[in-house]
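One file, start_35.cif, carrying mmCIF, C-alpha atoms:
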data_upload
#
loop_
_atom_site.label_atom_id
_atom_site.label_comp_id
_atom_site.auth_asym_id
_atom_site.auth_seq_id
_atom_site.Cartn_x
_atom_site.Cartn_y
_atom_site.Cartn_z
CA MET A 1088 15.51 24.61 -11.49
CA ALA A 1089 14.21 21.55 -9.69
CA LEU A 1090 16.50 18.56 -9.27
CA LYS A 1091 14.89 15.14 -9.48
CA GLY A 1092 16.19 11.79 -8.33
CA ASP A 1093 15.03 8.22 -7.74
CA TYR A 1094 16.79 6.22 -5.06
CA LYS A 1095 16.32 2.48 -4.76
CA VAL A 1096 16.59 1.39 -1.14
CA PRO A 1097 18.40 -1.90 -0.45
CA GLY A 1098 15.47 -4.28 0.00
CA GLY A 1099 13.38 -2.82 -2.79
CA LYS A 1100 11.53 0.34 -1.78
CA MET A 1101 11.85 3.51 -3.84
CA ILE A 1102 12.37 7.09 -2.65
CA ARG A 1103 11.70 9.79 -5.27
CA VAL A 1104 12.92 13.30 -4.53
CA THR A 1105 12.35 16.71 -6.08
CA ILE A 1106 14.48 19.53 -4.67
CA GLU A 1107 14.97 23.19 -5.34
CA GLU A 1108 18.24 24.52 -3.99
CA LYS A 1109 19.09 28.17 -3.40
CA ASP A 1110 22.26 29.62 -1.84
CA SER A 1111 23.39 26.09 -0.92
CA LYS A 1112 20.23 25.51 1.10
CA ILE A 1113 17.18 23.35 0.41
CA GLN A 1114 14.46 25.76 -0.64
CA LYS A 1115 11.74 23.30 -1.61
CA ILE A 1116 11.50 19.53 -1.29
CA ALA A 1117 8.97 16.86 -2.16
CA ILE A 1118 9.59 13.23 -1.24
CA THR A 1119 7.37 10.44 -2.55
CA GLY A 1120 7.62 6.68 -2.77
CA ASP A 1121 6.28 3.24 -1.85
CA PHE A 1122 7.61 3.08 1.72
CA PHE A 1123 5.75 2.88 5.05
CA PHE A 1124 6.05 5.78 7.46
CA TYR A 1125 4.12 6.12 10.73
CA PRO A 1126 2.36 8.25 11.71
CA GLU A 1127 1.46 9.00 8.11
CA GLU A 1128 0.10 12.45 8.92
CA ALA A 1129 3.54 13.57 10.13
CA PHE A 1130 5.01 13.31 6.65
CA PRO A 1131 4.42 16.96 5.60
CA GLN A 1132 6.17 18.04 8.82
CA PHE A 1133 9.03 15.69 8.00
CA GLU A 1134 9.44 17.36 4.61
CA GLN A 1135 9.08 20.78 6.23
CA ALA A 1136 11.93 19.95 8.62
CA LEU A 1137 14.29 19.84 5.65
CA ILE A 1138 13.52 23.33 4.36
CA ALA A 1139 16.35 25.87 4.78
CA VAL A 1140 18.75 23.10 5.77
CA ASN A 1141 22.27 23.34 4.29
CA ALA A 1142 22.61 21.17 1.21
CA ASP A 1143 25.37 19.02 2.70
CA GLU A 1144 25.28 15.49 4.01
CA GLU A 1145 25.94 16.25 7.66
CA ALA A 1146 23.28 18.94 7.96
CA ILE A 1147 20.73 16.78 6.16
CA ARG A 1148 21.50 13.75 8.31
CA GLU A 1149 21.07 15.84 11.41
CA ALA A 1150 17.76 17.28 10.20
CA VAL A 1151 16.40 13.85 9.24
CA ASN A 1152 17.43 12.26 12.55
CA LEU A 1153 16.02 15.14 14.55
CA ALA A 1154 12.70 15.00 12.69
CA TYR A 1155 12.45 11.23 13.29
CA LYS A 1156 12.95 11.83 16.99
CA LYS A 1157 10.72 14.87 17.33
CA LEU A 1158 7.84 13.46 15.30
CA ARG A 1159 8.29 9.96 16.80
CA ILE A 1160 8.53 8.41 13.38
CA VAL A 1161 8.74 4.72 12.76
CA SER A 1162 9.36 3.70 9.17
CA VAL A 1163 9.28 0.28 7.55
CA GLY A 1164 11.14 -0.42 4.31
CA VAL A 1165 13.25 2.72 4.65
CA GLU A 1166 15.65 4.02 7.30
CA PRO A 1167 16.63 7.62 8.06
CA ARG A 1168 19.91 7.01 6.22
CA ASP A 1169 17.99 6.10 3.06
CA PHE A 1170 16.27 9.49 3.03
CA VAL A 1171 19.69 11.13 3.46
CA ALA A 1172 21.17 9.05 0.62
CA ALA A 1173 18.21 9.82 -1.66
CA ILE A 1174 18.48 13.56 -1.01
CA MET A 1175 22.26 13.61 -1.47
CA GLN A 1176 22.05 11.68 -4.72
CA THR A 1177 19.45 14.13 -6.02
CA LEU A 1178 21.55 17.14 -4.99
CA ARG A 1179 24.52 15.67 -6.83
CA GLY A 1180 22.33 15.59 -9.94
CA GLU A 1181 22.20 11.83 -10.33
CA PRO A 1182 18.65 11.22 -11.55
CA ASP A 1183 18.42 7.46 -11.10
CA ALA A 1184 21.43 5.65 -9.76
CA MET B 768 -12.10 -21.66 25.24
CA PRO B 769 -14.56 -20.70 22.49
CA GLU B 770 -13.08 -19.39 19.28
CA GLU B 771 -12.98 -15.65 18.91
CA ALA B 772 -15.55 -14.43 16.34
CA TRP B 773 -14.59 -11.80 13.77
CA ARG B 774 -16.84 -10.12 11.29
CA ALA B 775 -16.62 -11.01 7.57
CA LEU B 776 -17.89 -8.42 5.12
CA ASP B 777 -18.47 -8.59 1.39
CA VAL B 778 -18.85 -4.92 0.56
CA GLU B 779 -17.84 -3.56 -2.80
CA TYR B 780 -18.85 -0.74 -5.12
CA ASP B 781 -18.17 0.09 -8.75
CA ASP B 782 -16.74 3.43 -7.57
CA PRO B 783 -13.16 2.98 -6.31
CA TYR B 784 -13.43 6.14 -4.22
CA MET B 785 -16.36 4.67 -2.31
CA ASN B 786 -14.45 1.40 -1.88
CA LEU B 787 -11.56 3.29 -0.30
CA ALA B 788 -13.88 5.37 1.89
CA VAL B 789 -15.34 2.15 3.32
CA GLU B 790 -11.78 0.86 3.71
CA GLU B 791 -11.11 3.71 6.16
CA ALA B 792 -14.52 3.72 7.89
CA ILE B 793 -14.16 0.12 9.09
CA PRO B 794 -10.85 0.41 11.03
CA ARG B 795 -12.09 3.66 12.57
CA LYS B 796 -15.18 1.93 13.97
CA VAL B 797 -13.21 -1.15 15.02
CA GLY B 798 -10.86 1.12 16.98
CA GLU B 799 -13.80 2.81 18.69
CA GLY B 800 -14.97 -0.60 19.82
CA LYS B 801 -18.26 -0.16 17.95
CA VAL B 802 -17.80 -3.28 15.85
CA PRO B 803 -15.74 -6.48 16.26
CA ASN B 804 -12.44 -7.19 14.49
CA THR B 805 -13.26 -7.39 10.82
CA VAL B 806 -12.13 -8.91 7.55
CA ARG B 807 -13.53 -7.31 4.41
CA PHE B 808 -13.37 -8.85 0.94
CA TRP B 809 -13.89 -6.58 -2.04
CA ARG B 810 -12.91 -5.73 -5.61
CA ASN B 811 -12.49 -2.71 -7.82
CA LEU B 812 -13.80 -2.50 -11.38
CA ASN B 813 -10.89 -0.81 -13.15
CA ALA B 814 -8.60 1.32 -11.04
CA VAL B 815 -5.03 2.12 -10.14
CA VAL B 816 -4.72 2.42 -6.38
CA ILE B 817 -1.65 4.34 -5.26
CA GLY B 818 0.04 4.47 -1.86
CA TYR B 819 -0.33 7.36 0.57
CA PHE B 820 3.19 8.69 -0.07
CA GLN B 821 3.31 8.19 -3.81
CA SER B 822 3.16 10.76 -6.55
CA ALA B 823 0.31 10.01 -8.95
CA LYS B 824 2.18 11.80 -11.73
CA LEU B 825 5.33 9.71 -11.29
CA GLU B 826 3.70 6.31 -10.78
CA VAL B 827 0.77 6.33 -13.18
CA ASN B 828 0.51 6.67 -16.94
CA PHE B 829 -2.36 9.19 -17.15
CA GLU B 830 -2.73 8.81 -20.91
CA ALA B 831 -3.11 5.04 -20.71
CA CYS B 832 -5.60 5.40 -17.84
CA LYS B 833 -7.67 7.81 -19.89
CA ASN B 834 -7.72 5.47 -22.88
CA LEU B 835 -8.57 2.41 -20.79
CA GLY B 836 -11.12 4.10 -18.49
CA THR B 837 -8.94 3.38 -15.46
CA ILE B 838 -9.57 5.59 -12.43
CA ILE B 839 -6.69 6.73 -10.22
CA ALA B 840 -7.44 6.53 -6.50
CA ARG B 841 -5.24 7.05 -3.43
CA ARG B 842 -5.54 4.87 -0.33
CA PHE B 843 -4.68 5.86 3.26
CA THR B 844 -1.85 3.33 3.63
CA GLY B 845 1.72 3.52 2.34
CA GLY B 846 3.31 1.12 -0.12
CA GLY B 847 3.20 0.89 -3.88
CA ALA B 848 0.73 1.33 -6.73
CA VAL B 849 -1.47 -1.59 -7.76
CA TYR B 850 -3.77 -2.17 -10.71
CA GLN B 851 -7.15 -3.60 -9.72
CA ASP B 852 -9.84 -5.09 -11.94
CA ARG B 853 -12.52 -7.69 -11.20
CA GLY B 854 -9.81 -10.36 -11.39
CA ASN B 855 -8.12 -8.94 -8.33
CA LEU B 856 -9.42 -9.69 -4.83
CA ASN B 857 -8.73 -7.35 -1.93
CA TYR B 858 -8.87 -8.40 1.69
CA ALA B 859 -8.66 -5.96 4.58
CA ILE B 860 -8.11 -6.90 8.22
CA SER B 861 -8.93 -4.51 11.06
CA ILE B 862 -7.83 -5.61 14.52
CA ARG B 863 -8.29 -3.56 17.64
CA LYS B 864 -4.99 -2.46 19.15
CA GLY B 865 -3.65 -4.62 21.94
CA HIS B 866 -4.74 -7.92 20.37
CA GLN B 867 -2.40 -10.85 21.05
CA LEU B 868 -1.79 -11.35 17.31
CA ILE B 869 0.00 -8.04 16.97
CA PRO B 870 3.78 -8.15 17.49
CA GLU B 871 5.93 -5.42 19.02
CA ASP B 872 8.12 -5.17 15.94
CA LEU B 873 6.23 -3.37 13.18
CA SER B 874 8.01 -5.08 10.31
CA GLU B 875 6.82 -8.43 11.72
CA THR B 876 3.21 -7.27 11.39
CA PHE B 877 3.29 -7.72 7.63
CA LYS B 878 4.43 -11.30 7.95
CA ILE B 879 1.92 -12.22 10.60
CA LEU B 880 -1.03 -10.52 8.94
CA SER B 881 -0.11 -11.96 5.53
CA SER B 882 -0.07 -15.49 6.94
CA GLY B 883 -3.84 -15.93 6.52
CA ALA B 884 -3.58 -15.19 2.80
CA VAL B 885 -0.49 -17.42 2.46
CA GLU B 886 -2.41 -20.23 4.15
CA GLY B 887 -5.41 -19.71 1.85
CA LEU B 888 -3.25 -19.82 -1.27
CA ARG B 889 -1.61 -23.03 -0.03
CA MET B 890 -5.07 -24.56 0.40
CA LEU B 891 -5.49 -23.96 -3.32
CA GLY B 892 -2.43 -26.14 -3.88
CA LEU B 893 -0.07 -23.25 -4.55
CA ASN B 894 3.40 -23.00 -3.11
CA ALA B 895 2.85 -19.49 -1.74
CA LYS B 896 5.51 -17.84 0.40
CA PHE B 897 5.70 -14.57 2.27
CA LYS B 898 8.42 -12.39 0.75
CA PRO B 899 9.63 -9.52 2.93
CA LEU B 900 8.80 -6.77 3.17
CA ASN B 901 5.17 -7.02 2.19
CA ASP B 902 4.65 -9.45 -0.70
CA ILE B 903 3.46 -12.98 -1.28
CA GLN B 904 5.21 -14.89 -4.05
CA ILE B 905 4.62 -18.11 -5.95
CA SER B 906 7.78 -19.58 -7.52
CA GLY B 907 9.56 -16.27 -7.24
CA ARG B 908 6.83 -14.12 -8.78
CA LYS B 909 4.60 -11.70 -6.92
CA VAL B 910 0.93 -12.65 -6.63
CA SER B 911 -0.03 -10.37 -3.75
CA GLY B 912 1.13 -7.16 -2.10
CA ALA B 913 0.09 -5.75 1.25
CA ALA B 914 0.03 -2.43 3.07
CA GLY B 915 -0.85 -1.44 6.57
CA SER B 916 -1.36 1.26 9.13
CA MET B 917 -1.77 1.79 12.84
CA ARG B 918 -4.29 4.49 13.49
CA TRP B 919 -7.54 5.13 15.28
CA GLY B 920 -6.76 2.42 17.85
CA THR B 921 -6.62 -0.23 15.14
CA VAL B 922 -3.96 -2.31 13.46
CA PHE B 923 -4.99 -2.37 9.83
CA HIS B 924 -3.64 -4.62 7.09
CA HIS B 925 -4.87 -4.99 3.53
CA GLY B 926 -3.63 -6.91 0.55
CA SER B 927 -4.60 -7.43 -3.06
CA ILE B 928 -4.41 -10.83 -4.71
CA LEU B 929 -4.10 -11.26 -8.45
CA ILE B 930 -6.50 -14.03 -9.48
CA SER B 931 -6.98 -13.40 -13.18
CA SER B 932 -6.18 -9.71 -13.63
CA ASN B 933 -5.25 -8.37 -17.02
CA LEU B 934 -1.48 -8.03 -16.65
CA SER B 935 -1.08 -6.31 -19.98
CA ILE B 936 -3.31 -3.44 -18.77
CA LEU B 937 -1.39 -3.47 -15.48
CA SER B 938 1.89 -2.91 -17.29
CA LYS B 939 0.39 -0.08 -19.35
CA VAL B 940 -1.20 1.98 -16.56
CA LEU B 941 1.69 1.72 -14.09
CA THR B 942 4.85 3.49 -15.18
CA ALA B 943 8.28 1.89 -15.02
CA PRO B 944 10.20 3.15 -11.99
CA ASN B 945 13.29 3.93 -14.01
CA ARG B 946 13.29 5.78 -17.30
CA ARG B 947 16.02 3.61 -18.76
CA LEU B 948 13.92 0.52 -18.19
CA LYS B 949 10.72 1.80 -19.73
CA ASP B 950 10.83 -0.24 -22.93
CA LYS B 951 11.56 -3.36 -20.93
CA HIS B 952 8.71 -2.65 -18.53
CA VAL B 953 6.02 -4.87 -20.11
CA ARG B 954 8.38 -7.84 -20.29
CA SER B 955 9.62 -7.15 -16.78
CA VAL B 956 6.08 -7.17 -15.33
CA ARG B 957 5.49 -10.53 -17.00
CA LYS B 958 8.61 -11.91 -15.39
CA THR B 959 8.01 -10.61 -11.89
CA VAL B 960 4.22 -10.73 -11.48
CA THR B 961 1.86 -13.68 -11.75
CA THR B 962 -1.80 -14.58 -11.16
CA ILE B 963 -3.44 -17.51 -9.40
CA SER B 964 -5.01 -18.68 -12.69
CA GLU B 965 -1.65 -18.65 -14.39
CA GLU B 966 -0.05 -20.64 -11.57
CA LEU B 967 -2.87 -23.20 -11.49
CA GLY B 968 -2.93 -23.46 -15.28
CA ARG B 969 -6.72 -23.09 -15.28
CA ASP B 970 -9.48 -20.58 -14.61
CA ILE B 971 -10.65 -20.23 -11.05
CA SER B 972 -13.52 -18.11 -9.79
CA VAL B 973 -13.08 -15.27 -7.35
CA ASP B 974 -15.57 -16.99 -5.02
CA GLN B 975 -13.44 -20.13 -4.89
CA VAL B 976 -10.37 -18.09 -3.97
CA LYS B 977 -12.33 -16.10 -1.40
CA GLU B 978 -13.57 -19.30 0.23
CA LYS B 979 -10.01 -20.58 0.70
CA LEU B 980 -8.83 -17.19 1.86
CA ARG B 981 -11.53 -17.18 4.55
CA LYS B 982 -10.47 -20.65 5.68
CA GLY B 983 -6.80 -19.64 5.61
CA ILE B 984 -7.49 -16.59 7.75
CA GLU B 985 -9.57 -18.59 10.23
CA LYS B 986 -6.84 -21.19 10.52
CA ALA B 987 -3.89 -18.79 10.75
CA TYR B 988 -5.45 -16.57 13.42
CA LYS B 989 -7.51 -19.26 15.18
CA ILE B 990 -10.70 -17.28 14.81
CA LYS B 991 -14.14 -17.81 13.29
CA LEU B 992 -15.47 -15.50 10.58
CA VAL B 993 -19.15 -14.60 10.82
CA ASP B 994 -20.90 -12.98 7.83
CA ASP B 995 -22.23 -9.55 8.54
CA ILE B 996 -23.00 -6.19 6.91
CA LEU B 997 -21.80 -2.62 7.50
CA THR B 998 -23.45 -0.84 10.40
CA ARG B 999 -25.41 2.34 9.74
CA GLU B 1000 -22.64 4.30 11.50
CA GLU B 1001 -20.01 2.84 9.19
CA GLU B 1002 -22.10 3.69 6.14
CA ILE B 1003 -22.56 7.29 7.29
CA LEU B 1004 -18.84 7.66 8.01
CA ALA B 1005 -17.92 6.12 4.65
CA GLU B 1006 -20.23 8.57 2.88
CA GLU B 1007 -18.59 11.49 4.74
CA LEU B 1008 -15.10 10.25 3.87
CA PHE B 1009 -16.12 9.81 0.25
CA GLN B 1010 -17.39 13.40 0.06
CA SER B 1011 -14.61 15.09 2.01
CA LYS B 1012 -11.60 13.06 0.89
CA TYR B 1013 -11.67 10.09 -1.46
CA SER B 1014 -13.70 11.60 -4.31
CA ARG B 1015 -11.50 14.72 -4.37
CA GLU B 1016 -8.78 15.44 -6.88
CA VAL B 1017 -6.61 17.12 -4.26
CA TRP B 1018 -6.48 13.83 -2.31
CA ASN B 1019 -6.05 11.53 -5.31
CA LEU B 1020 -3.70 13.53 -7.49
CA GLY B 1021 -2.41 16.21 -5.11
CA ARG B 1022 0.95 14.61 -4.45
#
Hey, can you dump this file as structure tokens for me?
Amino acid sequence: MALKGDYKVPGGKMIRVTIEEKDSKIQKIAITGDFFFYPEEAFPQFEQALIAVNADEEAIREAVNLAYKKLRIVSVGVEPRDFVAAIMQTLRGEPDA
Amino acid sequence: MPEEAWRALDVEYDDPYMNLAVEEAIPRKVGEGKVPNTVRFWRNLNAVVIGYFQSAKLEVNFEACKNLGTIIARRFTGGGAVYQDRGNLNYAISIRKGHQLIPEDLSETFKILSSGAVEGLRMLGLNAKFKPLNDIQISGRKVSGAAGSMRWGTVFHHGSILISSNLSILSKVLTAPNRRLKDKHVRSVRKTVTTISEELGRDISVDQVKEKLRKGIEKAYKIKLVDDILTREEEILAEELFQSKYSREVWNLGR
């Protein structure tokens, strides 16, 4: 079953996450929202970088940080830690904290 | 030193997909050096325009759109969903990369490239202020939102300004971000969003606002706007983008 969560970033932007988890790993993930993320075309690869990652905070943080570096991402309105927080909140089953 | 001349375009269509195809064609050609830096003014008829990273399903009330004849269209820039009718004026600025106006820090770009619109609104006698990250407010309520991108060798910035839009339709076609707040959504839009007409306490034409916006942009960036039309190359590219991308369901509703 897919887990859904909305995470409000300090400053106002929204990150909306849908995750399917299997064997404590992220099996599917879709992230949407009203943030700015450059280059825009790298976003599918950013999502892809989270597939098969262990569903724990440290592994997710590492995957997010690595993807930012590898894809040379610059985001405005959201930070890497906000994506981590949004994913963790969704995994904990908190739909809109 | 003579003032730098930028192009001013008034190009709009009834079809929001065509409007957004032109929106992409211009910065592409500016980046190629085929046309000068450009400011385009345009409006949509009745559309919800969603950000590049947004989910149409989560942000838009499909049922309300169907009933109201509102078309859902996705733009190529990030940011949030906006409702656009003839009472909403869009401006789009395309500046070739490397221009002295563009700061190193990306989050500063919004402030700098919103300053023309802020200046224009002030010329109308409104106490407009830039509100980070990407809004313009009048007495604490949002009157304009902006989005931007850096691609194709261009720094691109566009914003929409509520002049006399129907806010009750706006609150129906855009969903509340949080399920628990849904019933409060209409009231909440009224509290947080405003229009130029409402702030002035009288009707004002789109042309009058556009005129001040042009002056505000010229003043803020120390440039001169010269009326022009799309080049043939831009028209051809826009048509291609319309066919291959903006008119397609997979682009508009695929996320």
Exercise for the section: Counting all atoms listed in the file, figure out which residue out of B:Arg807, B:Arg889, B:Lys898, B:Lys979 gets nearest to chain A. Expected result: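 Counting all atoms listed in the file, the residue closest to chain A is B:Lys898.
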Practice task
Considering all atoms listed in the file, return as an MDAnalysis selection string whatever protein or nucleic-acid residues lie within 7 Å of range 1109-1125 of chain A, sequence-local ones (same chain, fewer than 5 positions apart) excluded.
Solution key: (chainID A and resid 1100:1104 1134 1137:1142 1160:1165) or (chainID B and resid 818 820:822 845:847)
Exercise for the section: For CA of Ser881 in chain B and CA of Glu985 in chain B, determine how far apart the two atoms are, in Å to one decimal place. Expected result: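 It comes out at 12.5 Å.
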Sorted per-residue table, chain B near chain A, closest atoms and distance, 9 Å, only C-alpha atoms, as a Markdown table:
| residue | atom | partner | partner_atom | distance |
| --- | --- | --- | --- | --- |
| B:Ile817 | CA | A:Asp1121 | CA | 8.7 |
| B:Gly818 | CA | A:Asp1121 | CA | 6.4 |
| B:Tyr819 | CA | A:Glu1127 | CA | 7.9 |
| B:Phe820 | CA | A:Thr1119 | CA | 5.2 |
| B:Gln821 | CA | A:Gly1120 | CA | 4.7 |
| B:Ser822 | CA | A:Thr1119 | CA | 5.8 |
| B:Leu825 | CA | A:Arg1103 | CA | 8.8 |
| B:Glu826 | CA | A:Gly1120 | CA | 8.9 |
| B:Phe843 | CA | A:Glu1127 | CA | 8.4 |
| B:Thr844 | CA | A:Phe1123 | CA | 7.7 |
| B:Gly845 | CA | A:Phe1123 | CA | 4.9 |
| B:Gly846 | CA | A:Asp1121 | CA | 4.0 |
| B:Gly847 | CA | A:Asp1121 | CA | 4.4 |
| B:Ala848 | CA | A:Asp1121 | CA | 7.6 |
| B:Leu873 | CA | A:Val1163 | CA | 7.4 |
| B:Ser874 | CA | A:Val1163 | CA | 6.2 |
| B:Pro899 | CA | A:Gly1098 | CA | 8.4 |
| B:Leu900 | CA | A:Gly1164 | CA | 6.9 |
| B:Ala914 | CA | A:Phe1123 | CA | 8.1 |
| B:Gly915 | CA | A:Phe1123 | CA | 8.0 |
| B:Ser916 | CA | A:Tyr1125 | CA | 7.5 |
| B:Met917 | CA | A:Tyr1125 | CA | 7.6 |
| B:Arg918 | CA | A:Pro1126 | CA | 7.8 |
| B:Pro944 | CA | A:Asp1093 | CA | 8.2 |
| B:Asn945 | CA | A:Asp1183 | CA | 6.9 |
| B:Arg946 | CA | A:Asp1183 | CA | 8.2 |
| B:Arg947 | CA | A:Asp1183 | CA | 8.9 |
| B:Arg1022 | CA | A:Thr1119 | CA | 7.9 |
Handout entry: Shell of 9 Å around range 1144-1150 of chain A, all atoms listed in the file, local chain residues under 2 positions omitted, as number ranges by chain
Key = A: 1136-1137, 1140-1142, 1152-1155, 1167-1168, 1170-1172, 1174-1175
Handout entry: Selection dump of the PyMOL selection byres ((chain B and resi 887) around 6), as an NGL selection string
Key = :B and (884-886 or 888-890 or 979-980 or 983)
Practice task
Using the chain letters and numbering of this document, enumerate as a PyMOL selection string the residues selected by the PyMOL selection byres ((chain B and resi 786) around 12).
Solution key: chain B and resi 777-785+787-793+807-812+814+816+840-843+851+857-859+1002+1005-1006+1008-1009+1013-1014
Problem - Atom pair CA of Thr959 in chain B / CA of Arg908 in chain B: separation (Å) - result: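 Straight-line distance from CA of Thr959 in chain B to CA of Arg908 in chain B works out to 4.8 Å.
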Practice task
Give as number ranges by chain the residues that the PyMOL selection byres ((chain B and resi 927-935) around 9) matches when applied to the coordinates above.
Solution key: B: 810, 849-859, 884, 903, 909-913, 925-926, 936-940, 953, 956-957, 960-965, 970-973, 976
Practice task
For CA of Phe1133 in chain A and CA of Glu1108 in chain A, determine how far apart the two atoms are, in Å to one decimal place.
Solution key: 17.5 Å
Practice task
List the neighbours of Lys796 in chain B out to 10 Å using all atoms listed in the file; skip same-chain residues closer than 2 positions along the sequence, and give me the result as a PyMOL selection string.
Solution key: chain B and resi 791-794+798-804+861+863+919-921+998+1000-1001+1004
Mind working out the centre and edge lengths of an axis-aligned box for range 992-997 of chain B, all listed atoms inside, 8 Å added to each side, rounded to one decimal in Å and written as JSON?
{"center_x": -19.2, "center_y": -9.1, "center_z": 8.9, "size_x": 23.5, "size_y": 28.9, "size_z": 19.9}
Practice task
Kindly indicate which residue among B:Lys977, B:Lys864, B:Lys1012, B:Lys878 lies nearest to Asn901 in chain B, using all atoms listed in the file for the distances.
Solution key: B:Lys878
Could you give me range 888-902 of chain B completed to N, CA and C atoms, formatted as an mmCIF file, in the coordinates of the input?
data_model
loop_
_atom_site.group_PDB
_atom_site.id
_atom_site.type_symbol
_atom_site.label_atom_id
_atom_site.label_comp_id
_atom_site.auth_asym_id
_atom_site.auth_seq_id
_atom_site.Cartn_x
_atom_site.Cartn_y
_atom_site.Cartn_z
ATOM 1 N N LEU B 888 -3.818 -19.486 0.044
ATOM 2 C CA LEU B 888 -3.250 -19.820 -1.270
ATOM 3 C C LEU B 888 -2.695 -21.249 -1.261
ATOM 4 N N ARG B 889 -2.123 -21.640 -0.134
ATOM 5 C CA ARG B 889 -1.610 -23.030 -0.030
ATOM 6 C C ARG B 889 -2.745 -24.038 -0.102
ATOM 7 N N MET B 890 -3.903 -23.663 0.471
ATOM 8 C CA MET B 890 -5.070 -24.560 0.400
ATOM 9 C C MET B 890 -5.545 -24.749 -1.036
ATOM 10 N N LEU B 891 -5.169 -23.814 -1.899
ATOM 11 C CA LEU B 891 -5.490 -23.960 -3.320
ATOM 12 C C LEU B 891 -4.463 -24.833 -4.043
ATOM 13 N N GLY B 892 -3.468 -25.294 -3.292
ATOM 14 C CA GLY B 892 -2.430 -26.140 -3.880
ATOM 15 C C GLY B 892 -1.253 -25.354 -4.422
ATOM 16 N N LEU B 893 -1.170 -24.087 -4.049
ATOM 17 C CA LEU B 893 -0.070 -23.250 -4.550
ATOM 18 C C LEU B 893 1.044 -23.148 -3.521
ATOM 19 N N ASN B 894 2.256 -23.096 -4.010
ATOM 20 C CA ASN B 894 3.400 -23.000 -3.110
ATOM 21 C C ASN B 894 3.681 -21.522 -2.789
ATOM 22 N N ALA B 895 2.750 -20.923 -2.026
ATOM 23 C CA ALA B 895 2.850 -19.490 -1.740
ATOM 24 C C ALA B 895 3.776 -19.245 -0.550
ATOM 25 N N LYS B 896 4.568 -18.176 -0.678
ATOM 26 C CA LYS B 896 5.510 -17.840 0.400
ATOM 27 C C LYS B 896 5.478 -16.348 0.671
ATOM 28 N N PHE B 897 5.573 -15.991 1.933
ATOM 29 C CA PHE B 897 5.700 -14.570 2.270
ATOM 30 C C PHE B 897 7.087 -14.111 1.850
ATOM 31 N N LYS B 898 7.126 -12.945 1.180
ATOM 32 C CA LYS B 898 8.420 -12.390 0.750
ATOM 33 C C LYS B 898 8.531 -10.995 1.374
ATOM 34 N N PRO B 899 9.488 -10.844 2.313
ATOM 35 C CA PRO B 899 9.630 -9.520 2.930
ATOM 36 C C PRO B 899 9.896 -8.463 1.875
ATOM 37 N N LEU B 900 9.408 -7.294 1.986
ATOM 38 C CA LEU B 900 8.800 -6.770 3.170
ATOM 39 C C LEU B 900 7.306 -7.022 3.267
ATOM 40 N N ASN B 901 6.621 -7.000 2.131
ATOM 41 C CA ASN B 901 5.170 -7.020 2.190
ATOM 42 C C ASN B 901 4.516 -7.736 1.010
ATOM 43 N N ASP B 902 5.196 -8.735 0.459
ATOM 44 C CA ASP B 902 4.650 -9.450 -0.700
ATOM 45 C C ASP B 902 4.398 -10.923 -0.394
#
